[in-house]
>>> print(open('entry29.pdb').read())   # PDB, N, CA and C atoms
ATOM      1  N   MET A  11     -72.146  -4.076 -15.463
ATOM      2  CA  MET A  11     -72.575  -2.724 -15.791
ATOM      3  C   MET A  11     -72.090  -2.329 -17.192
ATOM      4  N   ARG A  12     -70.889  -2.766 -17.525
ATOM      5  CA  ARG A  12     -70.330  -2.435 -18.835
ATOM      6  C   ARG A  12     -71.165  -3.066 -19.953
ATOM      7  N   PHE A  13     -71.620  -4.299 -19.711
ATOM      8  CA  PHE A  13     -72.459  -4.972 -20.701
ATOM      9  C   PHE A  13     -73.763  -4.206 -20.916
ATOM     10  N   PHE A  14     -74.376  -3.740 -19.818
ATOM     11  CA  PHE A  14     -75.626  -2.998 -19.895
ATOM     12  C   PHE A  14     -75.450  -1.712 -20.699
ATOM     13  N   THR A  15     -74.343  -1.015 -20.479
ATOM     14  CA  THR A  15     -74.068   0.222 -21.208
ATOM     15  C   THR A  15     -73.919  -0.053 -22.704
ATOM     16  N   TRP A  16     -73.182  -1.100 -23.053
ATOM     17  CA  TRP A  16     -73.005  -1.418 -24.475
ATOM     18  C   TRP A  16     -74.313  -1.894 -25.107
ATOM     19  N   ALA A  17     -75.151  -2.589 -24.336
ATOM     20  CA  ALA A  17     -76.443  -3.025 -24.861
ATOM     21  C   ALA A  17     -77.328  -1.819 -25.183
ATOM     22  N   ILE A  18     -77.329  -0.832 -24.314
ATOM     23  CA  ILE A  18     -78.111   0.391 -24.568
ATOM     24  C   ILE A  18     -77.569   1.122 -25.791
ATOM     25  N   ARG A  19     -76.257   1.218 -25.902
ATOM     26  CA  ARG A  19     -75.661   1.871 -27.077
ATOM     27  C   ARG A  19     -76.039   1.156 -28.360
ATOM     28  N   LEU A  20     -76.034  -0.177 -28.335
ATOM     29  CA  LEU A  20     -76.389  -0.956 -29.517
ATOM     30  C   LEU A  20     -77.846  -0.725 -29.893
ATOM     31  N   VAL A  21     -78.735  -0.703 -28.915
ATOM     32  CA  VAL A  21     -80.152  -0.472 -29.189
ATOM     33  C   VAL A  21     -80.366   0.919 -29.785
ATOM     34  N   VAL A  22     -79.732   1.924 -29.207
ATOM     35  CA  VAL A  22     -79.868   3.288 -29.731
ATOM     36  C   VAL A  22     -79.332   3.366 -31.157
ATOM     37  N   PHE A  23     -78.186   2.740 -31.412
ATOM     38  CA  PHE A  23     -77.607   2.737 -32.763
ATOM     39  C   PHE A  23     -78.554   2.071 -33.758
ATOM     40  N   LEU A  24     -79.117   0.932 -33.392
ATOM     41  CA  LEU A  24     -80.033   0.235 -34.296
ATOM     42  C   LEU A  24     -81.307   1.049 -34.549
ATOM     43  N   LEU A  25     -81.792   1.732 -33.513
ATOM     44  CA  LEU A  25     -82.961   2.592 -33.715
ATOM     45  C   LEU A  25     -82.642   3.745 -34.667
ATOM     46  N   LEU A  26     -81.458   4.318 -34.541
ATOM     47  CA  LEU A  26     -81.069   5.405 -35.441
ATOM     48  C   LEU A  26     -80.882   4.922 -36.875
ATOM     49  N   VAL A  27     -80.327   3.739 -37.051
ATOM     50  CA  VAL A  27     -80.171   3.181 -38.396
ATOM     51  C   VAL A  27     -81.545   2.913 -39.010
ATOM     52  N   ALA A  28     -82.468   2.370 -38.220
ATOM     53  CA  ALA A  28     -83.822   2.115 -38.728
ATOM     54  C   ALA A  28     -84.517   3.432 -39.074
ATOM     55  N   PHE A  29     -84.320   4.456 -38.241
ATOM     56  CA  PHE A  29     -84.891   5.769 -38.523
ATOM     57  C   PHE A  29     -84.336   6.329 -39.827
ATOM     58  N   ALA A  30     -83.027   6.183 -40.024
ATOM     59  CA  ALA A  30     -82.403   6.677 -41.255
ATOM     60  C   ALA A  30     -82.918   5.923 -42.471
ATOM     61  N   ALA A  31     -83.110   4.621 -42.328
ATOM     62  CA  ALA A  31     -83.597   3.825 -43.459
ATOM     63  C   ALA A  31     -85.023   4.203 -43.843
ATOM     64  N   LYS A  32     -85.817   4.619 -42.876
ATOM     65  CA  LYS A  32     -87.202   4.992 -43.161
ATOM     66  C   LYS A  32     -87.324   6.397 -43.752
ATOM     67  N   ASN A  33     -86.311   7.239 -43.603
ATOM     68  CA  ASN A  33     -86.398   8.642 -44.005
ATOM     69  C   ASN A  33     -85.377   8.994 -45.088
ATOM     70  N   ILE A  34     -85.426   8.274 -46.182
ATOM     71  CA  ILE A  34     -84.472   8.542 -47.264
ATOM     72  C   ILE A  34     -85.098   9.333 -48.404
ATOM     73  N   GLU A  35     -86.377   9.714 -48.245
ATOM     74  CA  GLU A  35     -87.028  10.489 -49.298
ATOM     75  C   GLU A  35     -86.369  11.857 -49.406
ATOM     76  N   PRO A  36     -86.196  12.358 -50.622
ATOM     77  CA  PRO A  36     -85.587  13.686 -50.777
ATOM     78  C   PRO A  36     -86.552  14.796 -50.360
ATOM     79  N   VAL A  37     -85.975  15.791 -49.714
ATOM     80  CA  VAL A  37     -86.731  16.991 -49.341
ATOM     81  C   VAL A  37     -86.012  18.192 -49.935
ATOM     82  N   GLU A  38     -86.759  19.263 -50.130
ATOM     83  CA  GLU A  38     -86.175  20.465 -50.711
ATOM     84  C   GLU A  38     -86.127  21.561 -49.650
ATOM     85  N   LEU A  39     -84.949  22.087 -49.424
ATOM     86  CA  LEU A  39     -84.773  23.227 -48.531
ATOM     87  C   LEU A  39     -84.689  24.477 -49.385
ATOM     88  N   ARG A  40     -85.551  25.424 -49.098
ATOM     89  CA  ARG A  40     -85.564  26.664 -49.871
ATOM     90  C   ARG A  40     -84.935  27.768 -49.052
ATOM     91  N   PHE A  41     -83.964  28.436 -49.647
ATOM     92  CA  PHE A  41     -83.266  29.542 -49.010
ATOM     93  C   PHE A  41     -83.704  30.843 -49.663
ATOM     94  N   TYR A  42     -83.119  31.926 -49.218
ATOM     95  CA  TYR A  42     -83.421  33.235 -49.802
ATOM     96  C   TYR A  42     -82.822  33.341 -51.202
ATOM     97  N   PHE A  43     -83.311  34.278 -51.959
ATOM     98  CA  PHE A  43     -82.836  34.591 -53.315
ATOM     99  C   PHE A  43     -82.999  33.418 -54.277
ATOM    100  N   GLY A  44     -84.010  32.585 -54.052
ATOM    101  CA  GLY A  44     -84.320  31.510 -54.975
ATOM    102  C   GLY A  44     -83.392  30.310 -54.906
ATOM    103  N   MET A  45     -82.512  30.270 -53.935
ATOM    104  CA  MET A  45     -81.619  29.111 -53.816
ATOM    105  C   MET A  45     -82.369  27.960 -53.148
ATOM    106  N   ALA A  46     -82.077  26.735 -53.588
ATOM    107  CA  ALA A  46     -82.720  25.550 -53.031
ATOM    108  C   ALA A  46     -81.712  24.411 -52.984
ATOM    109  N   LEU A  47     -81.930  23.513 -52.049
ATOM    110  CA  LEU A  47     -81.060  22.342 -51.883
ATOM    111  C   LEU A  47     -81.954  21.132 -51.706
ATOM    112  N   GLU A  48     -81.686  20.087 -52.445
ATOM    113  CA  GLU A  48     -82.463  18.859 -52.317
ATOM    114  C   GLU A  48     -81.550  17.790 -51.737
ATOM    115  N   ALA A  49     -81.995  17.182 -50.627
ATOM    116  CA  ALA A  49     -81.198  16.172 -49.934
ATOM    117  C   ALA A  49     -82.144  15.205 -49.228
ATOM    118  N   PRO A  50     -81.652  14.012 -48.879
ATOM    119  CA  PRO A  50     -82.487  13.083 -48.115
ATOM    120  C   PRO A  50     -82.855  13.674 -46.746
ATOM    121  N   LEU A  51     -84.036  13.347 -46.282
ATOM    122  CA  LEU A  51     -84.529  13.898 -45.019
ATOM    123  C   LEU A  51     -83.603  13.575 -43.865
ATOM    124  N   VAL A  52     -83.081  12.360 -43.808
ATOM    125  CA  VAL A  52     -82.212  11.985 -42.692
ATOM    126  C   VAL A  52     -80.933  12.819 -42.690
ATOM    127  N   THR A  53     -80.444  13.196 -43.861
ATOM    128  CA  THR A  53     -79.252  14.048 -43.940
ATOM    129  C   THR A  53     -79.555  15.449 -43.412
ATOM    130  N   VAL A  54     -80.703  15.966 -43.764
ATOM    131  CA  VAL A  54     -81.101  17.291 -43.298
ATOM    132  C   VAL A  54     -81.274  17.284 -41.779
ATOM    133  N   LEU A  55     -81.905  16.234 -41.247
ATOM    134  CA  LEU A  55     -82.088  16.133 -39.798
ATOM    135  C   LEU A  55     -80.754  16.029 -39.074
ATOM    136  N   PHE A  56     -79.854  15.193 -39.583
ATOM    137  CA  PHE A  56     -78.550  15.044 -38.957
ATOM    138  C   PHE A  56     -77.755  16.349 -39.013
ATOM    139  N   ALA A  57     -77.810  17.044 -40.137
ATOM    140  CA  ALA A  57     -77.078  18.305 -40.264
ATOM    141  C   ALA A  57     -77.631  19.353 -39.305
ATOM    142  N   SER A  58     -78.949  19.419 -39.158
ATOM    143  CA  SER A  58     -79.520  20.400 -38.232
ATOM    144  C   SER A  58     -79.173  20.052 -36.790
ATOM    145  N   PHE A  59     -79.145  18.777 -36.450
ATOM    146  CA  PHE A  59     -78.726  18.366 -35.100
ATOM    147  C   PHE A  59     -77.269  18.728 -34.861
ATOM    148  N   ALA A  60     -76.412  18.451 -35.833
ATOM    149  CA  ALA A  60     -74.981  18.753 -35.682
ATOM    150  C   ALA A  60     -74.748  20.262 -35.558
ATOM    151  N   LEU A  61     -75.454  21.062 -36.351
ATOM    152  CA  LEU A  61     -75.307  22.517 -36.251
ATOM    153  C   LEU A  61     -75.800  23.036 -34.901
ATOM    154  N   GLY A  62     -76.888  22.479 -34.397
ATOM    155  CA  GLY A  62     -77.385  22.876 -33.084
ATOM    156  C   GLY A  62     -76.395  22.544 -31.976
ATOM    157  N   ALA A  63     -75.795  21.351 -32.058
ATOM    158  CA  ALA A  63     -74.783  20.966 -31.064
ATOM    159  C   ALA A  63     -73.564  21.875 -31.167
ATOM    160  N   LEU A  64     -73.146  22.216 -32.373
ATOM    161  CA  LEU A  64     -72.000  23.102 -32.562
ATOM    162  C   LEU A  64     -72.278  24.488 -31.991
ATOM    163  N   PHE A  65     -73.457  25.031 -32.251
ATOM    164  CA  PHE A  65     -73.810  26.341 -31.697
ATOM    165  C   PHE A  65     -73.873  26.302 -30.174
ATOM    166  N   GLY A  66     -74.348  25.205 -29.617
ATOM    167  CA  GLY A  66     -74.385  25.063 -28.167
ATOM    168  C   GLY A  66     -72.995  25.042 -27.559
ATOM    169  N   ILE A  67     -72.083  24.336 -28.205
ATOM    170  CA  ILE A  67     -70.688  24.284 -27.731
ATOM    171  C   ILE A  67     -70.053  25.659 -27.829
ATOM    172  N   LEU A  68     -70.274  26.344 -28.940
ATOM    173  CA  LEU A  68     -69.705  27.680 -29.095
ATOM    174  C   LEU A  68     -70.283  28.668 -28.089
ATOM    175  N   ALA A  69     -71.559  28.503 -27.724
ATOM    176  CA  ALA A  69     -72.175  29.393 -26.747
ATOM    177  C   ALA A  69     -71.553  29.205 -25.363
ATOM    178  N   LEU A  70     -71.133  27.999 -25.041
ATOM    179  CA  LEU A  70     -70.533  27.729 -23.727
ATOM    180  C   LEU A  70     -69.030  27.952 -23.689
ATOM    181  N   LEU A  71     -68.414  28.083 -24.843
ATOM    182  CA  LEU A  71     -66.956  28.163 -24.904
ATOM    183  C   LEU A  71     -66.394  29.341 -24.121
ATOM    184  N   GLY A  72     -66.999  30.512 -24.221
ATOM    185  CA  GLY A  72     -66.507  31.691 -23.501
ATOM    186  C   GLY A  72     -66.555  31.488 -21.999
ATOM    187  N   THR A  73     -67.664  30.940 -21.507
ATOM    188  CA  THR A  73     -67.805  30.705 -20.072
ATOM    189  C   THR A  73     -66.782  29.698 -19.575
ATOM    190  N   VAL A  74     -66.592  28.622 -20.313
ATOM    191  CA  VAL A  74     -65.640  27.590 -19.898
ATOM    192  C   VAL A  74     -64.222  28.139 -19.884
ATOM    193  N   LEU A  75     -63.844  28.891 -20.892
ATOM    194  CA  LEU A  75     -62.489  29.452 -20.928
ATOM    195  C   LEU A  75     -62.276  30.458 -19.808
ATOM    196  N   ARG A  76     -63.278  31.260 -19.518
ATOM    197  CA  ARG A  76     -63.158  32.223 -18.422
ATOM    198  C   ARG A  76     -63.008  31.497 -17.080
ATOM    199  N   GLN A  77     -63.769  30.443 -16.869
ATOM    200  CA  GLN A  77     -63.661  29.681 -15.624
ATOM    201  C   GLN A  77     -62.312  28.993 -15.502
ATOM    202  N   ARG A  78     -61.800  28.451 -16.600
ATOM    203  CA  ARG A  78     -60.480  27.806 -16.553
ATOM    204  C   ARG A  78     -59.392  28.813 -16.227
ATOM    205  N   GLY A  79     -59.509  30.030 -16.786
ATOM    206  CA  GLY A  79     -58.532  31.069 -16.469
ATOM    207  C   GLY A  79     -58.594  31.458 -15.002
ATOM    208  N   GLU A  80     -59.790  31.570 -14.474
ATOM    209  CA  GLU A  80     -59.937  31.926 -13.063
ATOM    210  C   GLU A  80     -59.403  30.817 -12.160
ATOM    211  N   ILE A  81     -59.636  29.580 -12.522
ATOM    212  CA  ILE A  81     -59.108  28.455 -11.733
ATOM    213  C   ILE A  81     -57.590  28.463 -11.743
ATOM    214  N   SER A  82     -56.985  28.699 -12.902
ATOM    215  CA  SER A  82     -55.519  28.713 -12.958
ATOM    216  C   SER A  82     -54.950  29.890 -12.165
ATOM    217  N   ARG A  83     -55.621  31.046 -12.194
ATOM    218  CA  ARG A  83     -55.164  32.178 -11.382
ATOM    219  C   ARG A  83     -55.256  31.865  -9.894
ATOM    220  N   LEU A  84     -56.325  31.210  -9.487
ATOM    221  CA  LEU A  84     -56.492  30.869  -8.078
ATOM    222  C   LEU A  84     -55.478  29.822  -7.621
ATOM    223  N   ARG A  85     -55.083  28.926  -8.504
ATOM    224  CA  ARG A  85     -54.071  27.923  -8.139
ATOM    225  C   ARG A  85     -52.690  28.548  -7.984
ATOM    226  N   LYS A  86     -52.397  29.572  -8.774
ATOM    227  CA  LYS A  86     -51.092  30.229  -8.700
ATOM    228  C   LYS A  86     -50.997  31.169  -7.503
ATOM    229  N   LYS A  87     -52.128  31.672  -7.051
ATOM    230  CA  LYS A  87     -52.162  32.645  -5.970
ATOM    231  C   LYS A  87     -51.845  31.952  -4.639
ATOM    232  N   PRO A  88     -50.914  32.517  -3.843
ATOM    233  CA  PRO A  88     -50.618  31.886  -2.551
ATOM    234  C   PRO A  88     -51.827  32.029  -1.626
ATOM    235  N   TYR A  89     -51.906  31.083  -0.694
ATOM    236  CA  TYR A  89     -53.025  31.118   0.245
ATOM    237  C   TYR A  89     -52.957  32.365   1.109
ATOM    238  N   ALA A  90     -54.081  32.988   1.290
ATOM    239  CA  ALA A  90     -54.137  34.184   2.136
ATOM    240  C   ALA A  90     -54.091  33.744   3.594
ATOM    241  N   GLU A  91     -53.392  34.527   4.400
ATOM    242  CA  GLU A  91     -53.320  34.176   5.802
ATOM    243  C   GLU A  91     -54.653  34.488   6.470
ATOM    244  N   GLU A  92     -54.917  33.746   7.535
ATOM    245  CA  GLU A  92     -56.131  33.985   8.296
ATOM    246  C   GLU A  92     -56.099  35.376   8.903
ATOM    247  N   PRO A  93     -57.149  36.136   8.785
ATOM    248  CA  PRO A  93     -57.141  37.459   9.427
ATOM    249  C   PRO A  93     -57.171  37.278  10.943
ATOM    250  N   THR A  94     -56.366  38.058  11.618
ATOM    251  CA  THR A  94     -56.320  37.964  13.077
ATOM    252  C   THR A  94     -57.404  38.845  13.656
ATOM    253  N   LEU A  95     -58.037  38.332  14.681
ATOM    254  CA  LEU A  95     -59.098  39.079  15.336
ATOM    255  C   LEU A  95     -58.491  39.998  16.382
ATOM    256  N   PRO A  96     -59.083  41.155  16.588
ATOM    257  CA  PRO A  96     -58.545  42.034  17.648
ATOM    258  C   PRO A  96     -58.803  41.412  19.016
ATOM    259  N   PRO A  97     -57.966  41.701  19.965
ATOM    260  CA  PRO A  97     -58.164  41.141  21.308
ATOM    261  C   PRO A  97     -59.488  41.602  21.888
ATOM    262  N   PRO A  98     -60.125  40.732  22.668
ATOM    263  CA  PRO A  98     -61.429  41.127  23.231
ATOM    264  C   PRO A  98     -61.294  42.268  24.229
ATOM    265  N   GLY A  99     -62.294  43.078  24.340
ATOM    266  CA  GLY A  99     -62.321  44.163  25.280
ATOM    267  C   GLY A  99     -61.883  45.496  24.700
ATOM    268  N   LEU A 100     -61.691  45.582  23.458
ATOM    269  CA  LEU A 100     -61.294  46.876  22.882
ATOM    270  C   LEU A 100     -62.457  47.724  22.572
TER     271      LEU A 100
END
>>> encode(input="entry29.pdb", output="structure tokens")
Amino acid sequence: MRFFTWAIRLVVFLLLVAFAAKNIEPVELRFYFGMALEAPLVTVLFASFALGALFGILALLGTVLRQRGEISRLRKKPYAEEPTLPPPGL
């Protein structure tokens, strides 16, 4: 199984390298106020992917921290005793 996993990783890596080699033409990104940036297409694609992943992580960070805090509070809290039922016939 380990060999299969590494084989898939190698194939994906080689596909990404081939993709990068095919997309080295410069592209121009135009921003507001007349600012522009010229960079290879593969760099622009990688940067946009990395920024998207970063924004996704930041969007989940609050939820994860809140859940971790709640888990730690629940671990510190002693177990509640079972509620006793009233005797039948009341």
>>> residues_around(input="entry29.pdb", residues="A:Thr53", least_positions_apart="4", cutoff="8 Å", atoms="all atoms listed in the file", output="compact mmCIF listing (two decimals) with N, CA and C atoms, keeping the file's coordinate frame")
# COMPACT_ATOMS: atom_id res chain seq x y z
N ALA A 30 -83.03 6.18 -40.02
CA ALA A 30 -82.40 6.68 -41.26
C ALA A 30 -82.92 5.92 -42.47
N ASN A 33 -86.31 7.24 -43.60
CA ASN A 33 -86.40 8.64 -44.00
C ASN A 33 -85.38 8.99 -45.09
N ILE A 34 -85.43 8.27 -46.18
CA ILE A 34 -84.47 8.54 -47.26
C ILE A 34 -85.10 9.33 -48.40
N ALA A 49 -82.00 17.18 -50.63
CA ALA A 49 -81.20 16.17 -49.93
C ALA A 49 -82.14 15.20 -49.23
N ALA A 57 -77.81 17.04 -40.14
CA ALA A 57 -77.08 18.30 -40.26
C ALA A 57 -77.63 19.35 -39.30
N SER A 58 -78.95 19.42 -39.16
CA SER A 58 -79.52 20.40 -38.23
C SER A 58 -79.17 20.05 -36.79
N PHE A 59 -79.14 18.78 -36.45
CA PHE A 59 -78.73 18.37 -35.10
C PHE A 59 -77.27 18.73 -34.86
>>> axis_aligned_box(input="entry29.pdb", around="stretch 60-63 of chain A", padding_each_side="5 Å", output="AutoDock Vina command-line options")
--center_x -75.5 --center_y 20.7 --center_z -33.7 --size_x 13.8 --size_y 14.6 --size_z 15.3
>>> residues_near_point(input="entry29.pdb", point="(-85.6, 17.5, -49.9)", cutoff="7 Å", atoms="all atoms listed in the file", output="short mmCIF file (atom, residue, chain, number, x, y, z; two decimals) with N, CA and C atoms, in the frame of the given file")
data_model
loop_
_atom_site.label_atom_id
_atom_site.label_comp_id
_atom_site.auth_asym_id
_atom_site.auth_seq_id
_atom_site.Cartn_x
_atom_site.Cartn_y
_atom_site.Cartn_z
N GLU A 35 -86.38 9.71 -48.24
CA GLU A 35 -87.03 10.49 -49.30
C GLU A 35 -86.37 11.86 -49.41
N PRO A 36 -86.20 12.36 -50.62
CA PRO A 36 -85.59 13.69 -50.78
C PRO A 36 -86.55 14.80 -50.36
N VAL A 37 -85.98 15.79 -49.71
CA VAL A 37 -86.73 16.99 -49.34
C VAL A 37 -86.01 18.19 -49.94
N GLU A 38 -86.76 19.26 -50.13
CA GLU A 38 -86.18 20.46 -50.71
C GLU A 38 -86.13 21.56 -49.65
N LEU A 39 -84.95 22.09 -49.42
CA LEU A 39 -84.77 23.23 -48.53
C LEU A 39 -84.69 24.48 -49.38
N LEU A 47 -81.93 23.51 -52.05
CA LEU A 47 -81.06 22.34 -51.88
C LEU A 47 -81.95 21.13 -51.71
N GLU A 48 -81.69 20.09 -52.44
CA GLU A 48 -82.46 18.86 -52.32
C GLU A 48 -81.55 17.79 -51.74
N ALA A 49 -82.00 17.18 -50.63
CA ALA A 49 -81.20 16.17 -49.93
C ALA A 49 -82.14 15.20 -49.23
N PRO A 50 -81.65 14.01 -48.88
CA PRO A 50 -82.49 13.08 -48.12
C PRO A 50 -82.86 13.67 -46.75
N LEU A 51 -84.04 13.35 -46.28
CA LEU A 51 -84.53 13.90 -45.02
C LEU A 51 -83.60 13.58 -43.86
#
>>> select_by_dssp(input="entry29.pdb", residues="chain A", states="strand (DSSP E)", output="list of chain:residue names")
A:Pro36, A:Val37, A:Glu38, A:Leu39, A:Arg40, A:Ala46, A:Leu47, A:Glu48, A:Ala49, A:Pro50
>>> select_by_dssp(input="entry29.pdb", residues="chain A", states="alpha helix (DSSP H)", output="compact mmCIF listing (two decimals) with N, CA and C atoms, keeping the file's coordinate frame")
# COMPACT_ATOMS: atom_id res chain seq x y z
N ARG A 12 -70.89 -2.77 -17.52
CA ARG A 12 -70.33 -2.44 -18.84
C ARG A 12 -71.17 -3.07 -19.95
N PHE A 13 -71.62 -4.30 -19.71
CA PHE A 13 -72.46 -4.97 -20.70
C PHE A 13 -73.76 -4.21 -20.92
N PHE A 14 -74.38 -3.74 -19.82
CA PHE A 14 -75.63 -3.00 -19.90
C PHE A 14 -75.45 -1.71 -20.70
N THR A 15 -74.34 -1.01 -20.48
CA THR A 15 -74.07 0.22 -21.21
C THR A 15 -73.92 -0.05 -22.70
N TRP A 16 -73.18 -1.10 -23.05
CA TRP A 16 -73.00 -1.42 -24.48
C TRP A 16 -74.31 -1.89 -25.11
N ALA A 17 -75.15 -2.59 -24.34
CA ALA A 17 -76.44 -3.02 -24.86
C ALA A 17 -77.33 -1.82 -25.18
N ILE A 18 -77.33 -0.83 -24.31
CA ILE A 18 -78.11 0.39 -24.57
C ILE A 18 -77.57 1.12 -25.79
N ARG A 19 -76.26 1.22 -25.90
CA ARG A 19 -75.66 1.87 -27.08
C ARG A 19 -76.04 1.16 -28.36
N LEU A 20 -76.03 -0.18 -28.34
CA LEU A 20 -76.39 -0.96 -29.52
C LEU A 20 -77.85 -0.72 -29.89
N VAL A 21 -78.74 -0.70 -28.92
CA VAL A 21 -80.15 -0.47 -29.19
C VAL A 21 -80.37 0.92 -29.78
N VAL A 22 -79.73 1.92 -29.21
CA VAL A 22 -79.87 3.29 -29.73
C VAL A 22 -79.33 3.37 -31.16
N PHE A 23 -78.19 2.74 -31.41
CA PHE A 23 -77.61 2.74 -32.76
C PHE A 23 -78.55 2.07 -33.76
N LEU A 24 -79.12 0.93 -33.39
CA LEU A 24 -80.03 0.24 -34.30
C LEU A 24 -81.31 1.05 -34.55
N LEU A 25 -81.79 1.73 -33.51
CA LEU A 25 -82.96 2.59 -33.72
C LEU A 25 -82.64 3.74 -34.67
N LEU A 26 -81.46 4.32 -34.54
CA LEU A 26 -81.07 5.40 -35.44
C LEU A 26 -80.88 4.92 -36.88
N VAL A 27 -80.33 3.74 -37.05
CA VAL A 27 -80.17 3.18 -38.40
C VAL A 27 -81.54 2.91 -39.01
N ALA A 28 -82.47 2.37 -38.22
CA ALA A 28 -83.82 2.12 -38.73
C ALA A 28 -84.52 3.43 -39.07
N PHE A 29 -84.32 4.46 -38.24
CA PHE A 29 -84.89 5.77 -38.52
C PHE A 29 -84.34 6.33 -39.83
N ALA A 30 -83.03 6.18 -40.02
CA ALA A 30 -82.40 6.68 -41.26
C ALA A 30 -82.92 5.92 -42.47
N ALA A 31 -83.11 4.62 -42.33
CA ALA A 31 -83.60 3.82 -43.46
C ALA A 31 -85.02 4.20 -43.84
N LYS A 32 -85.82 4.62 -42.88
CA LYS A 32 -87.20 4.99 -43.16
C LYS A 32 -87.32 6.40 -43.75
N LEU A 51 -84.04 13.35 -46.28
CA LEU A 51 -84.53 13.90 -45.02
C LEU A 51 -83.60 13.58 -43.86
N VAL A 52 -83.08 12.36 -43.81
CA VAL A 52 -82.21 11.98 -42.69
C VAL A 52 -80.93 12.82 -42.69
N THR A 53 -80.44 13.20 -43.86
CA THR A 53 -79.25 14.05 -43.94
C THR A 53 -79.56 15.45 -43.41
N VAL A 54 -80.70 15.97 -43.76
CA VAL A 54 -81.10 17.29 -43.30
C VAL A 54 -81.27 17.28 -41.78
N LEU A 55 -81.90 16.23 -41.25
CA LEU A 55 -82.09 16.13 -39.80
C LEU A 55 -80.75 16.03 -39.07
N PHE A 56 -79.85 15.19 -39.58
CA PHE A 56 -78.55 15.04 -38.96
C PHE A 56 -77.76 16.35 -39.01
N ALA A 57 -77.81 17.04 -40.14
CA ALA A 57 -77.08 18.30 -40.26
C ALA A 57 -77.63 19.35 -39.30
N SER A 58 -78.95 19.42 -39.16
CA SER A 58 -79.52 20.40 -38.23
C SER A 58 -79.17 20.05 -36.79
N PHE A 59 -79.14 18.78 -36.45
CA PHE A 59 -78.73 18.37 -35.10
C PHE A 59 -77.27 18.73 -34.86
N ALA A 60 -76.41 18.45 -35.83
CA ALA A 60 -74.98 18.75 -35.68
C ALA A 60 -74.75 20.26 -35.56
N LEU A 61 -75.45 21.06 -36.35
CA LEU A 61 -75.31 22.52 -36.25
C LEU A 61 -75.80 23.04 -34.90
N GLY A 62 -76.89 22.48 -34.40
CA GLY A 62 -77.39 22.88 -33.08
C GLY A 62 -76.40 22.54 -31.98
N ALA A 63 -75.80 21.35 -32.06
CA ALA A 63 -74.78 20.97 -31.06
C ALA A 63 -73.56 21.88 -31.17
N LEU A 64 -73.15 22.22 -32.37
CA LEU A 64 -72.00 23.10 -32.56
C LEU A 64 -72.28 24.49 -31.99
N PHE A 65 -73.46 25.03 -32.25
CA PHE A 65 -73.81 26.34 -31.70
C PHE A 65 -73.87 26.30 -30.17
N GLY A 66 -74.35 25.20 -29.62
CA GLY A 66 -74.39 25.06 -28.17
C GLY A 66 -73.00 25.04 -27.56
N ILE A 67 -72.08 24.34 -28.20
CA ILE A 67 -70.69 24.28 -27.73
C ILE A 67 -70.05 25.66 -27.83
N LEU A 68 -70.27 26.34 -28.94
CA LEU A 68 -69.70 27.68 -29.10
C LEU A 68 -70.28 28.67 -28.09
N ALA A 69 -71.56 28.50 -27.72
CA ALA A 69 -72.18 29.39 -26.75
C ALA A 69 -71.55 29.20 -25.36
N LEU A 70 -71.13 28.00 -25.04
CA LEU A 70 -70.53 27.73 -23.73
C LEU A 70 -69.03 27.95 -23.69
N LEU A 71 -68.41 28.08 -24.84
CA LEU A 71 -66.96 28.16 -24.90
C LEU A 71 -66.39 29.34 -24.12
N GLY A 72 -67.00 30.51 -24.22
CA GLY A 72 -66.51 31.69 -23.50
C GLY A 72 -66.56 31.49 -22.00
N THR A 73 -67.66 30.94 -21.51
CA THR A 73 -67.81 30.70 -20.07
C THR A 73 -66.78 29.70 -19.58
N VAL A 74 -66.59 28.62 -20.31
CA VAL A 74 -65.64 27.59 -19.90
C VAL A 74 -64.22 28.14 -19.88
N LEU A 75 -63.84 28.89 -20.89
CA LEU A 75 -62.49 29.45 -20.93
C LEU A 75 -62.28 30.46 -19.81
N ARG A 76 -63.28 31.26 -19.52
CA ARG A 76 -63.16 32.22 -18.42
C ARG A 76 -63.01 31.50 -17.08
N GLN A 77 -63.77 30.44 -16.87
CA GLN A 77 -63.66 29.68 -15.62
C GLN A 77 -62.31 28.99 -15.50
N ARG A 78 -61.80 28.45 -16.60
CA ARG A 78 -60.48 27.81 -16.55
C ARG A 78 -59.39 28.81 -16.23
N GLY A 79 -59.51 30.03 -16.79
CA GLY A 79 -58.53 31.07 -16.47
C GLY A 79 -58.59 31.46 -15.00
N GLU A 80 -59.79 31.57 -14.47
CA GLU A 80 -59.94 31.93 -13.06
C GLU A 80 -59.40 30.82 -12.16
N ILE A 81 -59.64 29.58 -12.52
CA ILE A 81 -59.11 28.46 -11.73
C ILE A 81 -57.59 28.46 -11.74
N SER A 82 -56.98 28.70 -12.90
CA SER A 82 -55.52 28.71 -12.96
C SER A 82 -54.95 29.89 -12.16
N ARG A 83 -55.62 31.05 -12.19
CA ARG A 83 -55.16 32.18 -11.38
C ARG A 83 -55.26 31.86 -9.89
N LEU A 84 -56.32 31.21 -9.49
CA LEU A 84 -56.49 30.87 -8.08
C LEU A 84 -55.48 29.82 -7.62
N ARG A 85 -55.08 28.93 -8.50
CA ARG A 85 -54.07 27.92 -8.14
C ARG A 85 -52.69 28.55 -7.98
N LYS A 86 -52.40 29.57 -8.77
CA LYS A 86 -51.09 30.23 -8.70
C LYS A 86 -51.00 31.17 -7.50
